[in-house]
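Have a look at final_5.txt below; it lists compact mmCIF, C-alpha atoms.
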```
# COMPACT_ATOMS: atom_id res chain seq x y z
CA MET A 13 0.00 0.00 0.00
CA ILE A 14 1.32 3.43 -0.88
CA LYS A 15 0.22 6.82 0.43
CA SER A 16 -2.26 7.48 -2.40
CA GLU A 17 -3.93 4.09 -1.78
CA LEU A 18 -4.21 4.95 1.90
CA VAL A 19 -5.88 8.23 0.92
CA ASP A 20 -8.30 6.36 -1.39
CA ALA A 21 -9.23 3.88 1.33
CA LEU A 22 -9.92 6.70 3.80
CA ALA A 23 -11.86 8.79 1.26
CA GLU A 24 -14.10 5.82 0.58
CA ARG A 25 -14.96 5.58 4.28
CA HIS A 26 -15.39 9.36 4.70
CA PRO A 27 -17.45 10.19 1.60
CA HIS A 28 -18.44 13.66 2.84
CA LEU A 29 -14.81 14.82 2.71
CA TYR A 30 -13.08 16.05 -0.42
CA GLN A 31 -10.27 13.80 -1.62
CA ARG A 32 -7.86 16.74 -1.34
CA ASP A 33 -8.82 17.23 2.31
CA VAL A 34 -8.15 13.55 3.03
CA GLU A 35 -4.76 14.04 1.37
CA ARG A 36 -4.09 16.98 3.69
CA VAL A 37 -5.13 14.93 6.74
CA VAL A 38 -2.66 12.17 5.83
CA ALA A 39 0.09 14.70 5.08
CA THR A 40 -0.57 16.51 8.39
CA VAL A 41 -0.35 13.33 10.45
CA PHE A 42 2.98 12.20 8.97
CA ASP A 43 4.36 15.71 9.02
CA GLU A 44 3.47 16.01 12.71
CA ILE A 45 5.27 12.74 13.48
CA SER A 46 8.32 13.88 11.44
CA ALA A 47 8.36 17.25 13.20
CA ALA A 48 8.21 15.56 16.62
CA LEU A 49 11.16 13.30 15.75
CA THR A 50 13.06 16.29 14.39
CA ARG A 51 12.60 18.02 17.78
CA GLY A 52 13.90 14.85 19.43
CA ASP A 53 10.48 13.94 20.83
CA ARG A 54 9.06 10.46 21.10
CA VAL A 55 5.79 9.53 19.39
CA GLU A 56 3.73 6.90 21.15
CA LEU A 57 0.69 5.41 19.44
CA ARG A 58 -0.68 2.74 21.77
CA GLY A 59 -1.55 -0.52 20.07
CA PHE A 60 0.31 0.55 16.93
CA GLY A 61 3.84 1.37 18.01
CA ALA A 62 6.25 4.02 19.17
CA PHE A 63 8.80 6.11 17.29
CA SER A 64 11.85 7.30 19.14
CA VAL A 65 15.12 8.98 18.25
CA LYS A 66 18.46 7.26 18.65
CA GLN A 67 21.63 9.28 18.74
CA ARG A 68 24.64 7.85 16.89
CA GLU A 69 27.96 9.37 17.98
CA GLU A 70 30.64 10.45 15.57
CA ARG A 71 32.88 7.53 14.61
CA GLN A 72 35.83 6.66 12.41
CA GLY A 73 34.67 4.84 9.32
CA ARG A 74 36.46 3.71 6.22
CA ASN A 75 35.80 4.37 2.57
CA PRO A 76 35.32 0.78 1.36
CA ARG A 77 36.72 1.61 -2.08
CA THR A 78 39.89 3.44 -1.11
CA GLY A 79 40.40 2.09 2.41
CA GLU A 80 40.80 5.69 3.53
CA THR A 81 39.78 6.54 7.09
CA VAL A 82 36.99 9.08 7.24
CA SER A 83 35.11 10.54 10.13
CA VAL A 84 31.38 9.75 10.11
CA PRO A 85 29.60 12.64 11.84
CA GLN A 86 27.15 12.15 14.68
CA LYS A 87 23.58 11.63 13.55
CA ARG A 88 20.06 10.99 14.76
CA VAL A 89 18.07 8.09 13.45
CA PRO A 90 14.41 7.28 13.96
CA PHE A 91 13.57 3.96 15.57
CA PHE A 92 10.20 2.20 15.52
CA LYS A 93 9.08 -0.33 18.09
CA THR A 94 5.97 -2.27 17.14
CA GLY A 95 3.10 -2.10 19.62
CA LYS A 96 1.88 -5.26 21.31
CA GLU A 97 -1.51 -5.32 19.60
CA LEU A 98 -0.11 -4.78 16.10
CA ARG A 99 2.59 -7.40 16.71
CA GLU A 100 -0.14 -9.87 17.57
CA ARG A 101 -2.26 -8.86 14.58
CA ILE A 102 0.48 -9.47 12.03
CA ASN A 103 0.92 -12.95 13.47
CA VAL A 104 -2.72 -14.01 13.36
CA ASP A 105 -3.16 -16.75 10.74
CA PHE A 106 0.58 -16.91 10.25
CA ASN A 107 1.41 -20.46 9.31
CA PRO A 108 5.07 -20.75 8.32
CA GLU A 109 4.57 -24.28 6.91
CA ALA A 110 2.06 -23.00 4.35
CA MET B 6 16.19 20.06 25.25
CA ALA B 7 13.47 18.34 27.27
CA SER B 8 11.96 15.52 25.27
CA ARG B 9 8.23 15.04 25.40
CA THR B 10 5.92 12.36 24.12
CA VAL B 11 3.56 13.01 21.24
CA THR B 12 0.36 10.96 21.23
CA ARG B 13 -2.80 10.44 19.17
CA ALA B 14 -4.28 13.51 20.88
CA ASP B 15 -1.50 15.72 19.46
CA LEU B 16 -1.97 14.28 15.97
CA SER B 17 -5.75 14.89 16.15
CA GLU B 18 -5.13 18.42 17.37
CA ALA B 19 -2.86 19.07 14.37
CA VAL B 20 -5.55 17.79 11.97
CA TYR B 21 -8.15 19.94 13.74
CA ARG B 22 -5.89 23.00 13.43
CA GLU B 23 -4.91 22.40 9.81
CA LEU B 24 -8.24 21.32 8.35
CA GLY B 25 -10.80 22.88 10.66
CA LEU B 26 -12.76 19.61 10.92
CA SER B 27 -14.46 18.85 14.22
CA ARG B 28 -12.29 17.47 17.01
CA ALA B 29 -14.25 14.20 16.94
CA GLU B 30 -13.77 13.73 13.22
CA SER B 31 -10.10 14.69 13.44
CA ALA B 32 -9.61 11.97 16.06
CA ASP B 33 -11.56 9.46 13.92
CA LEU B 34 -9.37 10.17 10.92
CA VAL B 35 -6.13 9.71 12.88
CA GLU B 36 -7.46 6.38 14.14
CA ALA B 37 -8.59 5.40 10.63
CA ILE B 38 -5.11 6.05 9.22
CA LEU B 39 -3.49 3.79 11.81
CA GLU B 40 -6.20 1.17 11.28
CA GLN B 41 -5.77 1.11 7.48
CA ILE B 42 -2.01 0.70 7.87
CA ALA B 43 -2.44 -2.05 10.47
CA GLU B 44 -4.89 -3.91 8.22
CA ALA B 45 -2.57 -3.75 5.22
CA LEU B 46 0.32 -5.05 7.34
CA ALA B 47 -1.86 -7.84 8.76
CA ARG B 48 -2.57 -8.88 5.14
CA GLY B 49 1.20 -9.08 4.69
CA GLU B 50 1.41 -5.95 2.54
CA LYS B 51 4.23 -3.47 2.65
CA VAL B 52 3.14 0.09 3.47
CA LYS B 53 5.10 2.90 1.86
CA ILE B 54 4.52 6.50 2.92
CA SER B 55 6.67 8.65 0.65
CA SER B 56 8.97 11.13 2.39
CA PHE B 57 8.28 9.35 5.69
CA GLY B 58 9.20 5.68 5.47
CA THR B 59 8.23 2.10 4.75
CA PHE B 60 6.69 -0.47 7.09
CA GLU B 61 7.47 -4.01 6.08
CA VAL B 62 6.53 -7.41 7.47
CA ARG B 63 9.43 -9.86 7.69
CA GLU B 64 9.28 -13.54 8.48
CA LYS B 65 11.64 -14.92 11.08
CA ARG B 66 12.52 -18.59 11.25
CA GLY B 67 12.11 -20.44 14.52
CA ARG B 68 15.26 -20.87 16.60
CA VAL B 69 16.42 -21.95 19.98
CA GLY B 70 16.72 -18.96 22.24
CA ARG B 71 17.91 -18.63 25.78
CA ASN B 72 16.38 -16.94 28.75
CA PRO B 73 19.08 -14.36 29.47
CA LYS B 74 18.27 -14.34 33.17
CA THR B 75 18.23 -18.07 33.88
CA GLY B 76 20.37 -19.29 30.96
CA GLU B 77 17.66 -21.82 30.17
CA GLU B 78 17.08 -22.80 26.55
CA ALA B 79 13.66 -21.92 25.15
CA PRO B 80 12.33 -22.51 21.63
CA ILE B 81 11.32 -19.37 19.71
CA ASP B 82 8.58 -20.07 17.17
CA PRO B 83 8.66 -18.79 13.60
CA ARG B 84 7.00 -15.39 13.57
CA ARG B 85 6.38 -12.22 11.66
CA VAL B 86 8.00 -8.99 12.72
CA LEU B 87 7.45 -5.46 11.56
CA ALA B 88 10.35 -3.35 10.33
CA PHE B 89 10.27 0.39 9.71
CA ARG B 90 12.72 1.90 7.24
CA PRO B 91 12.81 5.69 7.42
CA SER B 92 12.97 7.58 4.13
CA HIS B 93 15.94 9.76 3.27
CA VAL B 94 13.70 12.80 3.50
CA LEU B 95 12.92 12.04 7.15
CA LYS B 96 16.52 11.16 8.04
CA ASP B 97 17.82 14.32 6.37
CA ARG B 98 15.21 16.46 8.11
CA MET B 99 16.15 15.02 11.51
CA ASN B 100 19.82 15.79 10.92
CA GLU B 101 19.53 19.22 9.38
CA GLY B 102 21.80 21.66 11.14
CA LEU B 103 23.09 18.96 13.49
CA ASN B 104 26.65 19.10 12.16
CA GLY B 105 26.92 22.72 11.17
CA ALA B 106 26.65 22.89 7.38
CA ALA B 107 24.65 19.72 6.78
```

Show this structure as structure tokens.
Amino acid sequence: MIKSELVDALAERHPHLYQRDVERVVATVFDEISAALTRGDRVELRGFGAFSVKQREERQGRNPRTGETVSVPQKRVPFFKTGKELRERINVDFNPEA
Amino acid sequence: MASRTVTRADLSEAVYRELGLSRAESADLVEAILEQIAEALARGEKVKISSFGTFEVREKRGRVGRNPKTGEEAPIDPRRVLAFRPSHVLKDRMNEGLNGAA
């Protein structure tokens, strides 16, 4: 599923809204999550999961082509931990032998 | 910088502010987005939100694990896990200005 398909599915269930408003709702939600992570905040959506920010310190890396040592700057990376309910849902009907 | 926790209420509030829909409908829509994503993932689909990231279901084989506290062996069944891969847009945004001229 891609973002436009998500918008279509929502628009179908909210027929009184314009498609472009549904698009703005979806954009607003993901932009809000991105903004929170950019501020260093955590985003907790019970039953779905939680996004947090991990800090990676500066380290010495190596250019794999030249073998040259380069310094990799510190960076922040988003991390997602699946919520309990969603973890259970993706495993319902899961039969690995099938 | 004090870190706070953003919840569904904050997302609904943002939708309410941006779109001017009622608070109840804003909350419904936030819930509906999460529900649609969860349903797609439960069907085994990958969910790709451009400029945010991709949620993907991966299958893990069963293995013998160990209780780290007691050292006891315990079988771990085959299972599905969810992986989130952030998009470059999100990663870049989070690191803008972090190292001076980024």

Polymer residues at most 12 Å from region 24-36 of chain B, only C-alpha atoms, same-chain spacing of 4 or more positions, as a PDB file with C-alpha atoms, in the coordinates of the input:
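Result went into around30.pdb, see below:
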```
ATOM      1  CA  LEU A  18      -4.210   4.950   1.900  1.00  0.00           C
ATOM      2  CA  VAL A  19      -5.880   8.230   0.920  1.00  0.00           C
ATOM      3  CA  ALA A  21      -9.230   3.880   1.330  1.00  0.00           C
ATOM      4  CA  LEU A  22      -9.920   6.700   3.800  1.00  0.00           C
ATOM      5  CA  ALA A  23     -11.860   8.790   1.260  1.00  0.00           C
ATOM      6  CA  ARG A  25     -14.960   5.580   4.280  1.00  0.00           C
ATOM      7  CA  HIS A  26     -15.390   9.360   4.700  1.00  0.00           C
ATOM      8  CA  HIS A  28     -18.440  13.660   2.840  1.00  0.00           C
ATOM      9  CA  LEU A  29     -14.810  14.820   2.710  1.00  0.00           C
ATOM     10  CA  TYR A  30     -13.080  16.050  -0.420  1.00  0.00           C
ATOM     11  CA  ARG A  32      -7.860  16.740  -1.340  1.00  0.00           C
ATOM     12  CA  ASP A  33      -8.820  17.230   2.310  1.00  0.00           C
ATOM     13  CA  VAL A  34      -8.150  13.550   3.030  1.00  0.00           C
ATOM     14  CA  GLU A  35      -4.760  14.040   1.370  1.00  0.00           C
ATOM     15  CA  ARG A  36      -4.090  16.980   3.690  1.00  0.00           C
ATOM     16  CA  VAL A  37      -5.130  14.930   6.740  1.00  0.00           C
ATOM     17  CA  VAL A  38      -2.660  12.170   5.830  1.00  0.00           C
ATOM     18  CA  ALA A  39       0.090  14.700   5.080  1.00  0.00           C
ATOM     19  CA  THR A  40      -0.570  16.510   8.390  1.00  0.00           C
ATOM     20  CA  VAL A  41      -0.350  13.330  10.450  1.00  0.00           C
ATOM     21  CA  PHE A  42       2.980  12.200   8.970  1.00  0.00           C
ATOM     22  CA  GLU A  44       3.470  16.010  12.710  1.00  0.00           C
ATOM     23  CA  ILE A  45       5.270  12.740  13.480  1.00  0.00           C
ATOM     24  CA  LEU A  57       0.690   5.410  19.440  1.00  0.00           C
ATOM     25  CA  ARG A  58      -0.680   2.740  21.770  1.00  0.00           C
ATOM     26  CA  GLY A  59      -1.550  -0.520  20.070  1.00  0.00           C
ATOM     27  CA  PHE A  60       0.310   0.550  16.930  1.00  0.00           C
TER      28      PHE A  60
ATOM     29  CA  THR B  12       0.360  10.960  21.230  1.00  0.00           C
ATOM     30  CA  ARG B  13      -2.800  10.440  19.170  1.00  0.00           C
ATOM     31  CA  ALA B  14      -4.280  13.510  20.880  1.00  0.00           C
ATOM     32  CA  ASP B  15      -1.500  15.720  19.460  1.00  0.00           C
ATOM     33  CA  LEU B  16      -1.970  14.280  15.970  1.00  0.00           C
ATOM     34  CA  SER B  17      -5.750  14.890  16.150  1.00  0.00           C
ATOM     35  CA  GLU B  18      -5.130  18.420  17.370  1.00  0.00           C
ATOM     36  CA  ALA B  19      -2.860  19.070  14.370  1.00  0.00           C
ATOM     37  CA  VAL B  20      -5.550  17.790  11.970  1.00  0.00           C
ATOM     38  CA  GLU B  40      -6.200   1.170  11.280  1.00  0.00           C
ATOM     39  CA  GLN B  41      -5.770   1.110   7.480  1.00  0.00           C
ATOM     40  CA  ILE B  42      -2.010   0.700   7.870  1.00  0.00           C
ATOM     41  CA  ALA B  43      -2.440  -2.050  10.470  1.00  0.00           C
TER      42      ALA B  43
END
```

Produce a table with one row for each residue of chain A that has an atom at most 6 Å from any atom of chain B, each row naming the nearest atom pair and its distance in Å at one decimal; use all atoms listed in the file; arrange rows by chain and rising residue number; format as a Markdown table.
```
| residue | atom | partner | partner_atom | distance |
| --- | --- | --- | --- | --- |
| A:Met13 | CA | B:Val52 | CA | 4.7 |
| A:Ile14 | CA | B:Lys53 | CA | 4.7 |
| A:Lys15 | CA | B:Ile54 | CA | 5.0 |
| A:Val37 | CA | B:Val20 | CA | 6.0 |
| A:Val41 | CA | B:Leu16 | CA | 5.8 |
| A:Thr50 | CA | B:Met99 | CA | 4.4 |
| A:Asp53 | CA | B:Ser8 | CA | 4.9 |
| A:Arg54 | CA | B:Thr10 | CA | 4.8 |
| A:Val55 | CA | B:Val11 | CA | 4.5 |
| A:Glu56 | CA | B:Thr12 | CA | 5.3 |
| A:Leu57 | CA | B:Thr12 | CA | 5.8 |
| A:Arg101 | CA | B:Ala47 | CA | 5.9 |
| A:Ile102 | CA | B:Ala47 | CA | 4.3 |
| A:Asn103 | CA | B:Arg85 | CA | 5.8 |
```

Figure out the distance between CA of Leu49 (chain A) and CA of Ser64 (chain A), please, to one decimal in Å. 6.9 Å

Go ahead and compute the interatomic distance for CA of Pro73 (chain B) and CA of Val89 (chain A), in Å to one decimal.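 Straight-line distance from CA of Pro73 (chain B) to CA of Val89 (chain A) works out to 27.6 Å.
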
Just give me the gap between CA of Glu70 (chain A) and CA of Val84 (chain A) in Å, one decimal is fine.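 CA of Val84 (chain A) lies 5.6 Å from CA of Glu70 (chain A).
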
Would you compute, for all listed atoms of region 57-67 of chain B, the axis-aligned bounding box grown by 8 Å on each side, and then report its centre and edge lengths in Å rounded to one decimal, as JSON?
```
{"center_x": 9.5, "center_y": -5.5, "center_z": 9.6, "size_x": 22.0, "size_y": 45.8, "size_z": 25.8}
```

Show me as a PyMOL selection string the residues that reach within 6 Å of (2.8, -1.7, 15.5), counting only C-alpha atoms and using the file's own coordinates. chain A and resi 60-61+94-95+98-99

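Minimum atom-to-atom distance to His93 (chain B), evaluated using all atoms listed in the file, belongs to A:Ser46 out of A:Ser46, A:Lys66, A:Lys93, A:Val104.
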